[in-house]
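Structure data follow from structure-v4.cif (mmCIF, C-alpha atoms and all ligand atoms; chains and numbers go by the auth columns):
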```cif
data_target
loop_
_atom_site.group_PDB
_atom_site.id
_atom_site.type_symbol
_atom_site.label_atom_id
_atom_site.label_comp_id
_atom_site.label_asym_id
_atom_site.label_seq_id
_atom_site.Cartn_x
_atom_site.Cartn_y
_atom_site.Cartn_z
_atom_site.B_iso_or_equiv
_atom_site.auth_seq_id
_atom_site.auth_asym_id
ATOM 1 C CA MET A 1 88.633 95.155 90.964 0.00 11 A
ATOM 2 C CA SER A 2 91.004 94.264 88.288 0.00 12 A
ATOM 3 C CA ILE A 3 91.409 96.633 85.391 0.00 13 A
ATOM 4 C CA LYS A 4 93.808 99.547 85.694 0.00 14 A
ATOM 5 C CA ILE A 5 94.859 102.436 83.466 0.00 15 A
ATOM 6 C CA THR A 6 98.545 102.844 82.778 0.00 16 A
ATOM 7 C CA LYS A 7 100.577 106.024 82.329 0.00 17 A
ATOM 8 C CA GLU A 8 100.225 105.683 78.554 0.00 18 A
ATOM 9 C CA CYS A 9 96.679 107.123 78.807 0.00 19 A
ATOM 10 C CA ILE A 10 96.229 110.019 76.349 0.00 20 A
ATOM 11 C CA ASN A 11 93.165 111.419 78.160 0.00 21 A
ATOM 12 C CA CYS A 12 90.852 110.901 75.196 0.00 22 A
ATOM 13 C CA GLY A 13 87.891 110.169 77.478 0.00 23 A
ATOM 14 C CA ALA A 14 86.513 107.364 75.304 0.00 24 A
ATOM 15 C CA CYS A 15 86.372 104.812 78.113 0.00 25 A
ATOM 16 C CA GLU A 16 84.469 106.832 80.711 0.00 26 A
ATOM 17 C CA PRO A 17 80.947 106.705 79.201 0.00 27 A
ATOM 18 C CA GLU A 18 81.339 103.016 78.333 0.00 28 A
ATOM 19 C CA CYS A 19 81.721 101.861 81.933 0.00 29 A
ATOM 20 C CA PRO A 20 78.504 100.318 83.266 0.00 30 A
ATOM 21 C CA ASN A 21 79.635 100.912 86.842 0.00 31 A
ATOM 22 C CA GLN A 22 80.890 104.487 86.524 0.00 32 A
ATOM 23 C CA ALA A 23 84.200 103.225 87.805 0.00 33 A
ATOM 24 C CA ILE A 24 86.254 105.410 85.452 0.00 34 A
ATOM 25 C CA TYR A 25 86.980 109.040 86.258 0.00 35 A
ATOM 26 C CA GLU A 26 88.945 111.820 84.628 0.00 36 A
ATOM 27 C CA GLY A 27 92.209 112.692 86.359 0.00 37 A
ATOM 28 C CA GLY A 28 91.736 115.187 89.161 0.00 38 A
ATOM 29 C CA LYS A 29 88.030 114.421 89.654 0.00 39 A
ATOM 30 C CA LYS A 30 86.565 113.416 92.996 0.00 40 A
ATOM 31 C CA TRP A 31 84.564 110.194 92.982 0.00 41 A
ATOM 32 C CA ARG A 32 81.939 108.404 95.054 0.00 42 A
ATOM 33 C CA MET A 33 80.996 104.788 95.524 0.00 43 A
ATOM 34 C CA ILE A 34 77.331 105.696 94.890 0.00 44 A
ATOM 35 C CA ASP A 35 77.949 107.287 91.476 0.00 45 A
ATOM 36 C CA GLY A 36 76.308 105.385 88.645 0.00 46 A
ATOM 37 C CA ASN A 37 74.686 102.549 90.564 0.00 47 A
ATOM 38 C CA SER A 38 71.758 101.895 92.884 0.00 48 A
ATOM 39 C CA LEU A 39 73.676 101.910 96.175 0.00 49 A
ATOM 40 C CA LYS A 40 72.017 105.193 97.134 0.00 50 A
ATOM 41 C CA GLU A 41 68.645 103.428 97.237 0.00 51 A
ATOM 42 C CA LYS A 42 69.848 100.916 99.817 0.00 52 A
ATOM 43 C CA LYS A 43 69.279 101.465 103.504 0.00 53 A
ATOM 44 C CA ASN A 44 72.086 101.775 106.055 0.00 54 A
ATOM 45 C CA ILE A 45 74.937 102.113 103.613 0.00 55 A
ATOM 46 C CA PRO A 46 78.290 103.154 105.097 0.00 56 A
ATOM 47 C CA ILE A 47 79.023 106.896 105.050 0.00 57 A
ATOM 48 C CA TYR A 48 82.113 106.077 103.005 0.00 58 A
ATOM 49 C CA PHE A 49 79.837 105.172 100.078 0.00 59 A
ATOM 50 C CA THR A 50 78.218 108.612 99.959 0.00 60 A
ATOM 51 C CA LYS A 51 81.280 110.790 100.498 0.00 61 A
ATOM 52 C CA TYR A 52 83.396 112.253 97.756 0.00 62 A
ATOM 53 C CA GLN A 53 86.844 110.692 97.694 0.00 63 A
ATOM 54 C CA ASN A 54 90.025 112.300 96.446 0.00 64 A
ATOM 55 C CA PRO A 55 91.178 111.526 92.906 0.00 65 A
ATOM 56 C CA ILE A 56 93.402 108.479 92.534 0.00 66 A
ATOM 57 C CA GLU A 57 95.292 110.131 89.660 0.00 67 A
ATOM 58 C CA ASN A 58 95.526 113.764 88.695 0.00 68 A
ATOM 59 C CA ASN A 59 96.902 113.725 85.160 0.00 69 A
ATOM 60 C CA ILE A 60 95.376 110.623 83.589 0.00 70 A
ATOM 61 C CA TYR A 61 92.043 108.836 83.789 0.00 71 A
ATOM 62 C CA PHE A 62 91.751 106.315 86.589 0.00 72 A
ATOM 63 C CA ILE A 63 89.634 103.314 87.549 0.00 73 A
ATOM 64 C CA VAL A 64 88.242 102.883 91.053 0.00 74 A
ATOM 65 C CA SER A 65 89.022 99.234 91.565 0.00 75 A
ATOM 66 C CA GLU A 66 86.320 98.809 94.225 0.00 76 A
ATOM 67 C CA LYS A 67 83.710 99.739 91.596 0.00 77 A
ATOM 68 C CA CYS A 68 85.105 97.812 88.621 0.00 78 A
ATOM 69 C CA THR A 69 83.519 94.435 87.945 0.00 79 A
ATOM 70 C CA GLU A 70 85.494 93.811 84.743 0.00 80 A
ATOM 71 C CA CYS A 71 82.056 94.412 83.166 0.00 81 A
ATOM 72 C CA VAL A 72 80.884 91.020 84.459 0.00 82 A
ATOM 73 C CA GLY A 73 77.099 90.905 84.446 0.00 83 A
ATOM 74 C CA PHE A 74 76.889 93.485 81.645 0.00 84 A
ATOM 75 C CA TYR A 75 79.202 92.535 78.804 0.00 85 A
ATOM 76 C CA GLU A 76 81.305 89.637 77.624 0.00 86 A
ATOM 77 C CA GLU A 77 84.489 91.653 77.902 0.00 87 A
ATOM 78 C CA PRO A 78 85.757 94.772 79.676 0.00 88 A
ATOM 79 C CA GLN A 79 84.476 97.709 77.650 0.00 89 A
ATOM 80 C CA CYS A 80 87.345 100.009 78.569 0.00 90 A
ATOM 81 C CA ILE A 81 89.865 97.515 77.195 0.00 91 A
ATOM 82 C CA SER A 82 87.856 97.179 73.974 0.00 92 A
ATOM 83 C CA ILE A 83 87.553 100.900 73.335 0.00 93 A
ATOM 84 C CA CYS A 84 90.890 102.311 74.482 0.00 94 A
ATOM 85 C CA PRO A 85 92.800 103.460 71.378 0.00 95 A
ATOM 86 C CA VAL A 86 96.220 103.076 72.998 0.00 96 A
ATOM 87 C CA ASN A 87 95.634 99.817 74.891 0.00 97 A
ATOM 88 C CA CYS A 88 96.385 101.304 78.259 0.00 98 A
ATOM 89 C CA CYS A 89 93.512 99.596 80.118 0.00 99 A
ATOM 90 C CA VAL A 90 95.073 96.407 81.373 0.00 100 A
ATOM 91 C CA LEU A 91 94.437 93.661 83.877 0.00 101 A
ATOM 92 C CA ASP A 92 95.659 94.631 87.330 0.00 102 A
ATOM 93 C CA LYS A 93 97.337 91.426 88.358 0.00 103 A
ATOM 94 C CA LYS A 94 97.663 92.608 91.936 0.00 104 A
ATOM 95 C CA ASN A 95 93.880 92.814 92.238 0.00 105 A
ATOM 96 C CA LEU A 96 92.484 89.628 90.772 0.00 106 A
ATOM 97 C CA GLU A 97 88.939 88.513 91.605 0.00 107 A
ATOM 98 C CA THR A 98 87.006 85.431 90.538 0.00 108 A
ATOM 99 C CA LYS A 99 84.065 85.681 88.140 0.00 109 A
ATOM 100 C CA ASP A 100 81.733 84.740 91.015 0.00 110 A
ATOM 101 C CA LYS A 101 83.107 87.526 93.186 0.00 111 A
ATOM 102 C CA LEU A 102 82.766 90.047 90.349 0.00 112 A
ATOM 103 C CA LEU A 103 79.180 88.995 89.710 0.00 113 A
ATOM 104 C CA GLU A 104 78.429 89.280 93.427 0.00 114 A
ATOM 105 C CA LYS A 105 79.813 92.812 93.314 0.00 115 A
ATOM 106 C CA LYS A 106 77.707 93.705 90.261 0.00 116 A
ATOM 107 C CA ILE A 107 74.557 92.478 92.019 0.00 117 A
ATOM 108 C CA PHE A 108 75.469 94.431 95.143 0.00 118 A
ATOM 109 C CA PHE A 109 75.861 97.646 93.136 0.00 119 A
ATOM 110 C CA HIS A 110 72.848 97.310 90.897 0.00 120 A
ATOM 111 C CA ASN A 111 70.088 95.376 92.703 0.00 121 A
HETATM 112 FE FE1 LIG B . 84.270 99.831 83.929 0.00 201 B
HETATM 113 FE FE2 LIG B . 84.169 97.460 82.791 0.00 201 B
HETATM 114 FE FE3 LIG B . 86.392 98.922 82.570 0.00 201 B
HETATM 115 FE FE4 LIG B . 85.751 97.877 84.923 0.00 201 B
HETATM 116 S S1 LIG B . 86.268 96.752 83.066 0.00 201 B
HETATM 117 S S2 LIG B . 86.397 99.951 84.551 0.00 201 B
HETATM 118 S S3 LIG B . 83.525 97.929 84.877 0.00 201 B
HETATM 119 S S4 LIG B . 84.398 99.418 81.718 0.00 201 B
HETATM 120 FE FE1 LIG B . 92.880 106.950 78.608 0.00 202 B
HETATM 121 FE FE2 LIG B . 92.331 104.855 77.086 0.00 202 B
HETATM 122 FE FE3 LIG B . 90.424 105.939 78.591 0.00 202 B
HETATM 123 FE FE4 LIG B . 91.333 107.241 76.436 0.00 202 B
HETATM 124 S S1 LIG B . 90.229 105.293 76.453 0.00 202 B
HETATM 125 S S2 LIG B . 90.969 108.088 78.512 0.00 202 B
HETATM 126 S S3 LIG B . 93.483 106.672 76.496 0.00 202 B
HETATM 127 S S4 LIG B . 92.283 104.923 79.332 0.00 202 B
#
```
Would you mind giving the structure from this file in structure tokens?
Amino acid sequence: MSIKITKECINCGACEPECPNQAIYEGGKKWRMIDGNSLKEKKNIPIYFTKYQNPIENNIYFIVSEKCTECVGFYEEPQCISICPVNCCVLDKKNLETKDKLLEKKIFFHN
């Protein structure tokens, strides 16, 4: 969970294609847990995973914290933080997870 986008976002869209978990969405867009991973191939997944959810933000890009693994298992550092031109992708200190937990999440999404 742990990266968030602040109100300083200029909606450039640079971060969205860089996310290996498709955890970043444009403001106003609906999102699903099964977007951009292999959850849909698993059996007996909760209905919640397949349903479109309402946007978390309407005017700026947003990160679905349940899908973010801080890029653990893919890259050495969070790609959204590296690419954002205005440094508005920051650690969400209210949603900290250990490296082990993040790796567990990555394996759950992609294996
Ligand atoms: Fe996606 Fe990585 Fe940014 Fe999380 S830290 S939102 S996984 S690019
Ligand atoms: Fe917003 Fe930064 Fe993503 Fe651009 S890269 S959309 S400014 S969070």
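This file, queried with the PyMOL selection byres (((chain A and resi 55-68) around 8) and not hetatm), gives the residues A:Glu36, A:Gly37, A:Gly38, A:Lys39, A:Lys40, A:Trp41, A:Arg42, A:Met43, A:Ile44, A:Leu49, A:Lys50, A:Lys52, A:Lys53, A:Asn54, A:Asn69, A:Ile70, A:Tyr71, A:Phe72, A:Val74.
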Mind giving me the straight-line distance from CA of Lys77 (chain A) to atom S4 of ligand LIG 202 (chain B) in Å, one decimal?
->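 Spanning CA of Lys77 (chain A) to atom S4 of ligand LIG 202 (chain B) is a straight-line distance of 15.8 Å.
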Contacts with ligand LIG 201 (chain B) at most 7 Å, only C-alpha atoms and all ligand atoms counted, listed as a PyMOL selection string = chain A and resi 13+25+28-34+73+77-81+88-91
*Select the residues contacting ligand LIG 202 (chain B) at a distance of at most 7 Å, based on all atoms listed in the file, then format the selection as a list in words.*
Ile15, Cys19, Ile20, Asn21, Cys22, Gly23, Ala24, Cys25, Glu26, Ile70, Tyr71, Cys90, Ile93, Cys94, Pro95, Val96, Asn97, Cys98 and Cys99 of chain A
What would the file look like if the residues just selected were written as a PDB file, keeping the file's coordinate frame with C-alpha atoms?
```pdb
ATOM      1  CA  ILE A  15      94.859 102.436  83.466  1.00  0.00           C
ATOM      2  CA  CYS A  19      96.679 107.123  78.807  1.00  0.00           C
ATOM      3  CA  ILE A  20      96.229 110.019  76.349  1.00  0.00           C
ATOM      4  CA  ASN A  21      93.165 111.419  78.160  1.00  0.00           C
ATOM      5  CA  CYS A  22      90.852 110.901  75.196  1.00  0.00           C
ATOM      6  CA  GLY A  23      87.891 110.169  77.478  1.00  0.00           C
ATOM      7  CA  ALA A  24      86.513 107.364  75.304  1.00  0.00           C
ATOM      8  CA  CYS A  25      86.372 104.812  78.113  1.00  0.00           C
ATOM      9  CA  GLU A  26      84.469 106.832  80.711  1.00  0.00           C
ATOM     10  CA  ILE A  70      95.376 110.623  83.589  1.00  0.00           C
ATOM     11  CA  TYR A  71      92.043 108.836  83.789  1.00  0.00           C
ATOM     12  CA  CYS A  90      87.345 100.009  78.569  1.00  0.00           C
ATOM     13  CA  ILE A  93      87.553 100.900  73.335  1.00  0.00           C
ATOM     14  CA  CYS A  94      90.890 102.311  74.482  1.00  0.00           C
ATOM     15  CA  PRO A  95      92.800 103.460  71.378  1.00  0.00           C
ATOM     16  CA  VAL A  96      96.220 103.076  72.998  1.00  0.00           C
ATOM     17  CA  ASN A  97      95.634  99.817  74.891  1.00  0.00           C
ATOM     18  CA  CYS A  98      96.385 101.304  78.259  1.00  0.00           C
ATOM     19  CA  CYS A  99      93.512  99.596  80.118  1.00  0.00           C
TER      20      CYS A  99
END
```
Between CA of Thr108 (chain A) and CA of Asn47 (chain A) lies a distance of 21.1 Å
Spell out the residues picked by the PyMOL selection byres (((chain A and resi 113) around 12) and not hetatm) here, as an mmCIF file with C-alpha atoms, keeping the file's coordinate frame.
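Once everything was written out, this is out-v7.cif:
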```cif
data_model
loop_
_atom_site.group_PDB
_atom_site.id
_atom_site.type_symbol
_atom_site.label_atom_id
_atom_site.label_comp_id
_atom_site.auth_asym_id
_atom_site.auth_seq_id
_atom_site.Cartn_x
_atom_site.Cartn_y
_atom_site.Cartn_z
ATOM 1 C CA MET A 11 88.633 95.155 90.964
ATOM 2 C CA LYS A 77 83.710 99.739 91.596
ATOM 3 C CA CYS A 78 85.105 97.812 88.621
ATOM 4 C CA THR A 79 83.519 94.435 87.945
ATOM 5 C CA GLU A 80 85.494 93.811 84.743
ATOM 6 C CA CYS A 81 82.056 94.412 83.166
ATOM 7 C CA VAL A 82 80.884 91.020 84.459
ATOM 8 C CA GLY A 83 77.099 90.905 84.446
ATOM 9 C CA PHE A 84 76.889 93.485 81.645
ATOM 10 C CA TYR A 85 79.202 92.535 78.804
ATOM 11 C CA GLU A 107 88.939 88.513 91.605
ATOM 12 C CA THR A 108 87.006 85.431 90.538
ATOM 13 C CA LYS A 109 84.065 85.681 88.140
ATOM 14 C CA ASP A 110 81.733 84.740 91.015
ATOM 15 C CA LYS A 111 83.107 87.526 93.186
ATOM 16 C CA LEU A 112 82.766 90.047 90.349
ATOM 17 C CA GLU A 114 78.429 89.280 93.427
ATOM 18 C CA LYS A 115 79.813 92.812 93.314
ATOM 19 C CA LYS A 116 77.707 93.705 90.261
ATOM 20 C CA ILE A 117 74.557 92.478 92.019
ATOM 21 C CA PHE A 118 75.469 94.431 95.143
ATOM 22 C CA PHE A 119 75.861 97.646 93.136
ATOM 23 C CA HIS A 120 72.848 97.310 90.897
ATOM 24 C CA ASN A 121 70.088 95.376 92.703
#
```
So for region 48-57 of chain A, what box centre and size do we get, axis-aligned, 5 Å extra on each of the six sides, every listed atom, Å to one decimal, as JSON?
```
{"center_x": 73.8, "center_y": 103.9, "center_z": 99.5, "size_x": 20.4, "size_y": 16.0, "size_z": 23.2}
```
CA of Ser75 (chain A) to CA of Lys17 (chain A) measures 16.3 Å
